[in-house]
file protein08.pdb (PDB, C-alpha atoms and all ligand atoms)
ATOM      1  CA  MET A1336     -19.424  -3.211  -8.652
ATOM      2  CA  SER A1337     -16.551  -4.768 -10.547
ATOM      3  CA  LEU A1338     -13.069  -3.411 -11.103
ATOM      4  CA  ARG A1339     -13.891  -3.099 -14.766
ATOM      5  CA  ASP A1340     -16.750  -0.679 -13.965
ATOM      6  CA  LEU A1341     -14.274   1.772 -12.392
ATOM      7  CA  HIS A1342     -12.755   2.578 -15.814
ATOM      8  CA  ILE A1343      -9.277   2.840 -14.344
ATOM      9  CA  ASP A1344      -6.792   4.852 -16.381
ATOM     10  CA  GLY A1345      -3.803   7.144 -15.944
ATOM     11  CA  SER A1346      -5.865   9.631 -13.948
ATOM     12  CA  TRP A1347      -6.072   7.063 -11.118
ATOM     13  CA  ALA A1348      -3.672   6.687  -8.190
ATOM     14  CA  LEU A1349      -2.742   3.444  -6.484
ATOM     15  CA  PHE A1350      -1.902   3.514  -2.784
ATOM     16  CA  LEU A1351      -0.013   0.492  -1.471
ATOM     17  CA  ASP A1352       0.548  -0.645   2.073
ATOM     18  CA  ARG A1353       4.048  -2.107   2.395
ATOM     19  CA  ASP A1354       4.305  -4.949   4.923
ATOM     20  CA  GLY A1355       2.153  -7.875   3.806
ATOM     21  CA  VAL A1356       1.501  -6.342   0.381
ATOM     22  CA  ILE A1357       4.927  -5.600  -1.110
ATOM     23  CA  ASN A1358       7.149  -7.538   1.279
ATOM     24  CA  ARG A1359       6.665 -10.391   3.696
ATOM     25  CA  ARG A1360       5.452  -9.301   7.128
ATOM     26  CA  LEU A1361       7.633 -10.186  10.075
ATOM     27  CA  PRO A1362       5.059 -11.061  12.747
ATOM     28  CA  GLY A1363       5.860  -9.245  15.964
ATOM     29  CA  ASP A1364       8.908  -7.610  14.416
ATOM     30  CA  TYR A1365       9.892  -4.876  11.965
ATOM     31  CA  VAL A1366      11.926  -4.905   8.774
ATOM     32  CA  LYS A1367      14.917  -3.074  10.200
ATOM     33  CA  THR A1368      17.630  -3.896   7.657
ATOM     34  CA  PRO A1369      17.725  -4.534   3.904
ATOM     35  CA  ASN A1370      18.516  -8.194   4.647
ATOM     36  CA  GLU A1371      15.166  -8.555   6.382
ATOM     37  CA  LEU A1372      13.300  -7.227   3.345
ATOM     38  CA  ASP A1373      11.800 -10.078   1.356
ATOM     39  CA  LEU A1374       9.591  -9.045  -1.566
ATOM     40  CA  LEU A1375       6.532 -11.261  -1.985
ATOM     41  CA  PRO A1376       6.453 -13.477  -5.103
ATOM     42  CA  GLY A1377       5.577 -11.622  -8.288
ATOM     43  CA  VAL A1378       5.316  -8.244  -6.572
ATOM     44  CA  ALA A1379       8.036  -6.406  -8.488
ATOM     45  CA  HIS A1380       6.569  -7.562 -11.799
ATOM     46  CA  ALA A1381       3.046  -6.715 -10.607
ATOM     47  CA  ILE A1382       4.093  -3.171  -9.705
ATOM     48  CA  SER A1383       5.673  -2.850 -13.131
ATOM     49  CA  LYS A1384       2.371  -3.810 -14.768
ATOM     50  CA  LEU A1385       0.351  -1.547 -12.478
ATOM     51  CA  GLY A1386       2.694   1.322 -13.260
ATOM     52  CA  SER A1387       1.628   1.241 -16.888
ATOM     53  CA  ILE A1388      -2.009   1.677 -15.795
ATOM     54  CA  PHE A1389      -2.034   4.029 -12.796
ATOM     55  CA  GLY A1390      -0.784   7.593 -13.007
ATOM     56  CA  LYS A1391       0.725   7.478  -9.538
ATOM     57  CA  ILE A1392       1.843   4.644  -7.273
ATOM     58  CA  ILE A1393       2.280   5.676  -3.651
ATOM     59  CA  VAL A1394       3.448   3.606  -0.685
ATOM     60  CA  VAL A1395       1.866   4.450   2.688
ATOM     61  CA  SER A1396       3.383   2.512   5.567
ATOM     62  CA  ASN A1397       3.109   2.521   9.352
ATOM     63  CA  GLN A1398       6.595   2.048  10.789
ATOM     64  CA  GLN A1399       6.318   2.343  14.534
ATOM     65  CA  GLY A1400       9.565   0.402  14.928
ATOM     66  CA  ILE A1401      11.093   3.874  14.610
ATOM     67  CA  GLY A1402       8.892   5.279  17.361
ATOM     68  CA  LYS A1403       9.950   2.350  19.531
ATOM     69  CA  SER A1404      13.633   3.159  18.815
ATOM     70  CA  LEU A1405      14.138  -0.322  17.342
ATOM     71  CA  MET A1406      15.322   1.309  14.124
ATOM     72  CA  THR A1407      16.036   4.762  12.710
ATOM     73  CA  ASP A1408      14.848   6.767   9.732
ATOM     74  CA  ALA A1409      18.228   6.041   8.170
ATOM     75  CA  ASP A1410      17.678   2.277   8.621
ATOM     76  CA  LEU A1411      14.306   2.593   6.939
ATOM     77  CA  ALA A1412      15.839   4.586   4.090
ATOM     78  CA  LEU A1413      18.224   1.691   3.404
ATOM     79  CA  VAL A1414      15.348  -0.793   3.433
ATOM     80  CA  HIS A1415      13.438   1.359   0.953
ATOM     81  CA  LYS A1416      16.494   1.793  -1.237
ATOM     82  CA  LYS A1417      16.654  -1.987  -1.641
ATOM     83  CA  MET A1418      12.906  -2.205  -2.223
ATOM     84  CA  LEU A1419      13.018   0.456  -4.936
ATOM     85  CA  HIS A1420      16.053  -1.177  -6.523
ATOM     86  CA  GLU A1421      14.256  -4.520  -6.870
ATOM     87  CA  ILE A1422      11.123  -2.866  -8.234
ATOM     88  CA  THR A1423      13.145  -0.786 -10.705
ATOM     89  CA  LEU A1424      14.991  -3.890 -11.909
ATOM     90  CA  ALA A1425      11.616  -5.378 -12.835
ATOM     91  CA  GLY A1426      10.718  -2.234 -14.787
ATOM     92  CA  GLY A1427       8.447  -0.804 -12.115
ATOM     93  CA  ARG A1428       8.334   2.487 -10.271
ATOM     94  CA  ILE A1429       7.104   3.920  -6.984
ATOM     95  CA  ASP A1430       6.350   7.642  -7.206
ATOM     96  CA  ALA A1431       6.587   8.355  -3.479
ATOM     97  CA  ILE A1432       6.874   6.624  -0.125
ATOM     98  CA  PHE A1433       5.184   8.009   2.977
ATOM     99  CA  TYR A1434       5.648   6.425   6.376
ATOM    100  CA  SER A1435       4.517   7.080   9.901
ATOM    101  CA  PRO A1436       7.102   6.506  12.640
ATOM    102  CA  HIS A1437       4.487   7.190  15.319
ATOM    103  CA  LEU A1438       3.411   4.765  17.996
ATOM    104  CA  GLU A1439       0.010   3.143  17.736
ATOM    105  CA  ASN A1440      -1.199   4.682  21.008
ATOM    106  CA  GLN A1441      -0.279   8.223  19.905
ATOM    107  CA  GLY A1442      -3.284   8.434  17.603
ATOM    108  CA  HIS A1443      -1.208  10.633  15.300
ATOM    109  CA  ILE A1444      -2.876  11.927  12.139
ATOM    110  CA  MET A1445      -0.062  10.449  10.040
ATOM    111  CA  ARG A1446      -0.567   6.895  11.276
ATOM    112  CA  LYS A1447      -3.121   4.732   9.456
ATOM    113  CA  PRO A1448      -6.046   4.375   9.852
ATOM    114  CA  ASN A1449      -5.819   8.171  10.147
ATOM    115  CA  VAL A1450      -5.624   9.996   6.845
ATOM    116  CA  GLY A1451      -2.446  12.108   7.111
ATOM    117  CA  MET A1452      -0.341  10.149   4.653
ATOM    118  CA  GLY A1453      -3.094  10.369   2.048
ATOM    119  CA  LEU A1454      -3.338  14.131   2.479
ATOM    120  CA  ALA A1455       0.450  14.430   2.262
ATOM    121  CA  ALA A1456       0.405  12.475  -1.001
ATOM    122  CA  ARG A1457      -2.225  14.789  -2.491
ATOM    123  CA  LYS A1458      -0.220  17.800  -1.389
ATOM    124  CA  LYS A1459       2.824  16.404  -3.209
ATOM    125  CA  PHE A1460       0.769  15.393  -6.252
ATOM    126  CA  PRO A1461      -2.200  17.790  -6.528
ATOM    127  CA  GLY A1462      -3.636  15.787  -9.422
ATOM    128  CA  ILE A1463      -4.570  12.950  -7.084
ATOM    129  CA  ARG A1464      -8.311  12.444  -6.687
ATOM    130  CA  PHE A1465      -9.246  10.133  -3.838
ATOM    131  CA  LYS A1466     -12.408   9.092  -5.681
ATOM    132  CA  GLN A1467     -10.060   7.884  -8.408
ATOM    133  CA  SER A1468      -7.723   6.115  -6.017
ATOM    134  CA  ILE A1469      -7.407   2.548  -4.821
ATOM    135  CA  MET A1470      -5.894   1.538  -1.485
ATOM    136  CA  VAL A1471      -4.388  -1.953  -1.356
ATOM    137  CA  GLY A1472      -3.610  -3.340   2.084
ATOM    138  CA  ASP A1473      -3.666  -6.435   4.256
ATOM    139  CA  SER A1474      -5.206  -4.994   7.421
ATOM    140  CA  GLN A1475      -8.329  -3.371   8.765
ATOM    141  CA  GLY A1476      -6.369  -0.155   9.321
ATOM    142  CA  ASP A1477      -5.558   0.015   5.617
ATOM    143  CA  MET A1478      -9.173  -0.472   4.623
ATOM    144  CA  LEU A1479     -10.351   2.178   7.076
ATOM    145  CA  PHE A1480      -7.671   4.607   5.818
ATOM    146  CA  GLY A1481      -8.915   4.142   2.270
ATOM    147  CA  LYS A1482     -12.583   4.459   3.156
ATOM    148  CA  ARG A1483     -12.036   7.585   5.260
ATOM    149  CA  LEU A1484     -10.521   9.238   2.184
ATOM    150  CA  GLY A1485     -13.254   8.023  -0.164
ATOM    151  CA  MET A1486     -11.013   5.567  -2.018
ATOM    152  CA  LYS A1487     -11.848   2.131  -3.347
ATOM    153  CA  THR A1488     -10.244  -0.569  -1.203
ATOM    154  CA  VAL A1489      -8.567  -3.850  -2.051
ATOM    155  CA  LEU A1490      -7.746  -6.335   0.685
ATOM    156  CA  VAL A1491      -4.978  -8.816  -0.068
ATOM    157  CA  GLY A1492      -3.860 -11.768   2.007
ATOM    158  CA  GLU A1493      -4.062 -15.483   2.423
ATOM    159  CA  ASN A1494      -7.195 -15.445   4.526
ATOM    160  CA  PRO A1495     -10.477 -14.622   2.750
ATOM    161  CA  VAL A1496     -12.303 -14.939   6.101
ATOM    162  CA  ILE A1497     -10.848 -11.555   7.049
ATOM    163  CA  ALA A1498     -12.300 -10.108   3.848
ATOM    164  CA  ARG A1499     -15.778 -11.272   4.874
ATOM    165  CA  HIS A1500     -15.278  -9.960   8.394
ATOM    166  CA  LEU A1501     -14.407  -6.527   6.981
ATOM    167  CA  ALA A1502     -16.990  -6.718   4.216
ATOM    168  CA  ASP A1503     -18.373  -3.221   4.817
ATOM    169  CA  MET A1504     -15.001  -1.604   4.137
ATOM    170  CA  VAL A1505     -13.530  -3.955   1.516
ATOM    171  CA  ASP A1506     -14.527  -3.374  -2.098
ATOM    172  CA  PHE A1507     -12.390  -6.129  -3.625
ATOM    173  CA  TYR A1508     -10.383  -9.081  -2.338
ATOM    174  CA  PHE A1509      -7.368 -10.801  -3.906
ATOM    175  CA  THR A1510      -4.893 -13.309  -2.519
ATOM    176  CA  ASP A1511      -1.991 -11.014  -3.383
ATOM    177  CA  LEU A1512      -0.901  -7.973  -5.372
ATOM    178  CA  ALA A1513       0.045 -10.125  -8.365
ATOM    179  CA  ALA A1514      -3.512 -11.484  -8.615
ATOM    180  CA  PHE A1515      -4.884  -7.932  -8.437
ATOM    181  CA  ALA A1516      -2.522  -6.786 -11.197
ATOM    182  CA  ASP A1517      -3.477  -9.749 -13.393
ATOM    183  CA  GLU A1518      -7.176  -9.011 -12.973
ATOM    184  CA  ILE A1519      -6.784  -5.340 -13.886
ATOM    185  CA  ARG A1520      -4.516  -6.110 -16.795
ATOM    186  CA  ALA A1521      -7.121  -8.437 -18.222
ATOM    187  CA  PHE A1522      -9.336  -5.519 -19.228
ATOM    188  CA  VAL A1523      -7.365  -2.255 -19.079
TER
HETATM  189 MG    MG A1601       0.393  -4.419   6.169
END
call {"tool": "encode", "arguments": {"input": "protein08.pdb", "output": "structure tokens", "more": "lines below"}}
Ligand SMILES: [Mg+2]
result
Amino acid sequence: MSLRDLHIDGSWALFLDRDGVINRRLPGDYVKTPNELDLLPGVAHAISKLGSIFGKIIVVSNQQGIGKSLMTDADLALVHKKMLHEITLAGGRIDAIFYSPHLENQGHIMRKPNVGMGLAARKKFPGIRFKQSIMVGDSQGDMLFGKRLGMKTVLVGENPVIARHLADMVDFYFTDLAAFADEIRAFV
């Protein structure tokens, strides 16, 4: 299967993980303030391009730094305000952001790889069809989230070895979101 064979158009939704896809991950830490938010190269422009293709662009992000009381919902709101500002400046849009403040060991339905944030997105936008959705993430949890909902999955990241390791749940691999956007733009 190739991306081209999916016939992606405005009826499709794009789900994006945040840390490691939109902004630089802080290993062992959380993006707690706007100053710590560092968009990855080309991401704002890529989201702008993807926005002209996909009907909806949804961010789904695990943020257990809140559950650990290292940050608050209000802190996260400021981080997202900056993120949206930078994306908007590049002509892009994000239709909704869902996040899970729950701790990993809680096994909460809202925390990826569980499907709660996907269901919440479809409740907000009833036109979403998971079979016409793509999940882009940099972790196994993201891929599992997408597969559990019947989405196509795209793994991004510097290390293609991970893509081979997760081969049964990864439909496509790209080094980053910009490369994914370029590939789609080449034929849509
Ligand atoms: Mg991530």
call {"tool": "residues_near_ligand", "arguments": {"input": "protein08.pdb", "ligand": "ligand MG 1601 (chain A)", "cutoff": "7 Å", "atoms": "all atoms listed in the file", "output": "CSV table (one decimal) with C-alpha atoms, in the frame of the given file"}}
result
chain,number,residue,atom,x,y,z
A,1352,ASP,CA,0.5,-0.6,2.1
A,1353,ARG,CA,4.0,-2.1,2.4
A,1354,ASP,CA,4.3,-4.9,4.9
A,1355,GLY,CA,2.2,-7.9,3.8
A,1356,VAL,CA,1.5,-6.3,0.4
A,1472,GLY,CA,-3.6,-3.3,2.1
A,1473,ASP,CA,-3.7,-6.4,4.3
A,1474,SER,CA,-5.2,-5.0,7.4
call {"tool": "residues_around", "arguments": {"input": "protein08.pdb", "residues": "stretch 1357-1360 of chain A", "least_positions_apart": "6", "cutoff": "9 Å", "atoms": "all atoms listed in the file", "output": "NGL selection string"}}
result
:A and (1351 or 1366 or 1372-1376 or 1378-1379 or 1382 or 1418 or 1512)
call {"tool": "write_last_selection", "arguments": {"input": "protein08.pdb", "atoms": "C-alpha atoms", "output": "JSON list (two decimals), in the coordinates of the input"}}
result
[["chain", "number", "residue", "atom", "x", "y", "z"],
["A", 1351, "LEU", "CA", -0.01, 0.49, -1.47],
["A", 1366, "VAL", "CA", 11.93, -4.90, 8.77],
["A", 1372, "LEU", "CA", 13.30, -7.23, 3.34],
["A", 1373, "ASP", "CA", 11.80, -10.08, 1.36],
["A", 1374, "LEU", "CA", 9.59, -9.04, -1.57],
["A", 1375, "LEU", "CA", 6.53, -11.26, -1.98],
["A", 1376, "PRO", "CA", 6.45, -13.48, -5.10],
["A", 1378, "VAL", "CA", 5.32, -8.24, -6.57],
["A", 1379, "ALA", "CA", 8.04, -6.41, -8.49],
["A", 1382, "ILE", "CA", 4.09, -3.17, -9.70],
["A", 1418, "MET", "CA", 12.91, -2.20, -2.22],
["A", 1512, "LEU", "CA", -0.90, -7.97, -5.37]]
call {"tool": "resolve_selection", "arguments": {"input": "protein08.pdb", "expression": "the PyMOL selection byres (((chain A and resi 1432) around 12) and not hetatm)", "output": "MDAnalysis selection string"}}
result
chainID A and resid 1349:1353 1391:1398 1411:1412 1414:1416 1418:1419 1428:1431 1433:1435 1452:1453 1455:1456 1459
call {"tool": "resolve_selection", "arguments": {"input": "protein08.pdb", "expression": "the PyMOL selection byres (((chain A and resi 1345) around 12) and not hetatm)", "output": "count of residues only"}}
result
21
call {"tool": "closest_residue", "arguments": {"input": "protein08.pdb", "among": "A:His1443, A:Lys1458, A:His1420, A:Lys1384", "to": "A:Ala1516", "atoms": "all atoms listed in the file"}}
result
A:Lys1384
call {"tool": "atom_distance", "arguments": {"input": "protein08.pdb", "atom1": "atom CA of A:Thr1423", "atom2": "atom CA of A:Met1470"}}
result
21.3 Å
call {"tool": "atom_distance", "arguments": {"input": "protein08.pdb", "atom1": "atom CA of A:Met1504", "atom2": "atom CA of A:Thr1488"}}
result
7.2 Å
call {"tool": "closest_residue", "arguments": {"input": "protein08.pdb", "among": "A:Leu1361, A:Ile1422, A:Ile1497, A:Leu1405", "to": "A:Ser1383", "atoms": "only C-alpha atoms"}}
result
A:Ile1422
call {"tool": "axis_aligned_box", "arguments": {"input": "protein08.pdb", "around": "stretch 1487-1506 of chain A", "padding_each_side": "5 Å", "output": "JSON"}}
result
{"center_x": -11.1, "center_y": -6.7, "center_z": 2.5, "size_x": 24.5, "size_y": 27.6, "size_z": 21.7}
call {"tool": "resolve_selection", "arguments": {"input": "protein08.pdb", "expression": "the PyMOL selection byres (((chain A and resi 1485) around 9) and not hetatm)", "output": "PyMOL selection string"}}
result
chain A and resi 1465-1468+1480-1484+1486-1487
call {"tool": "closest_residue", "arguments": {"input": "protein08.pdb", "among": "A:Arg1520, A:Arg1499, A:Lys1417, A:Arg1446", "to": "A:Asn1370", "atoms": "only C-alpha atoms"}}
result
A:Lys1417
call {"tool": "atom_distance", "arguments": {"input": "protein08.pdb", "atom1": "atom CA of A:Gly1363", "atom2": "atom CA of A:His1500"}}
result
22.5 Å
call {"tool": "residues_near_point", "arguments": {"input": "protein08.pdb", "point": "(0.8, 5.1, 19.8)", "cutoff": "12 Å", "atoms": "all atoms listed in the file", "output": "list in words"}}
result
Asn1397, Gln1398, Gln1399, Gly1400, Ile1401, Gly1402, Lys1403, Ser1435, Pro1436, His1437, Leu1438, Glu1439, Asn1440, Gln1441, Gly1442, His1443, Ile1444, Met1445, Arg1446 and Lys1447 of chain A
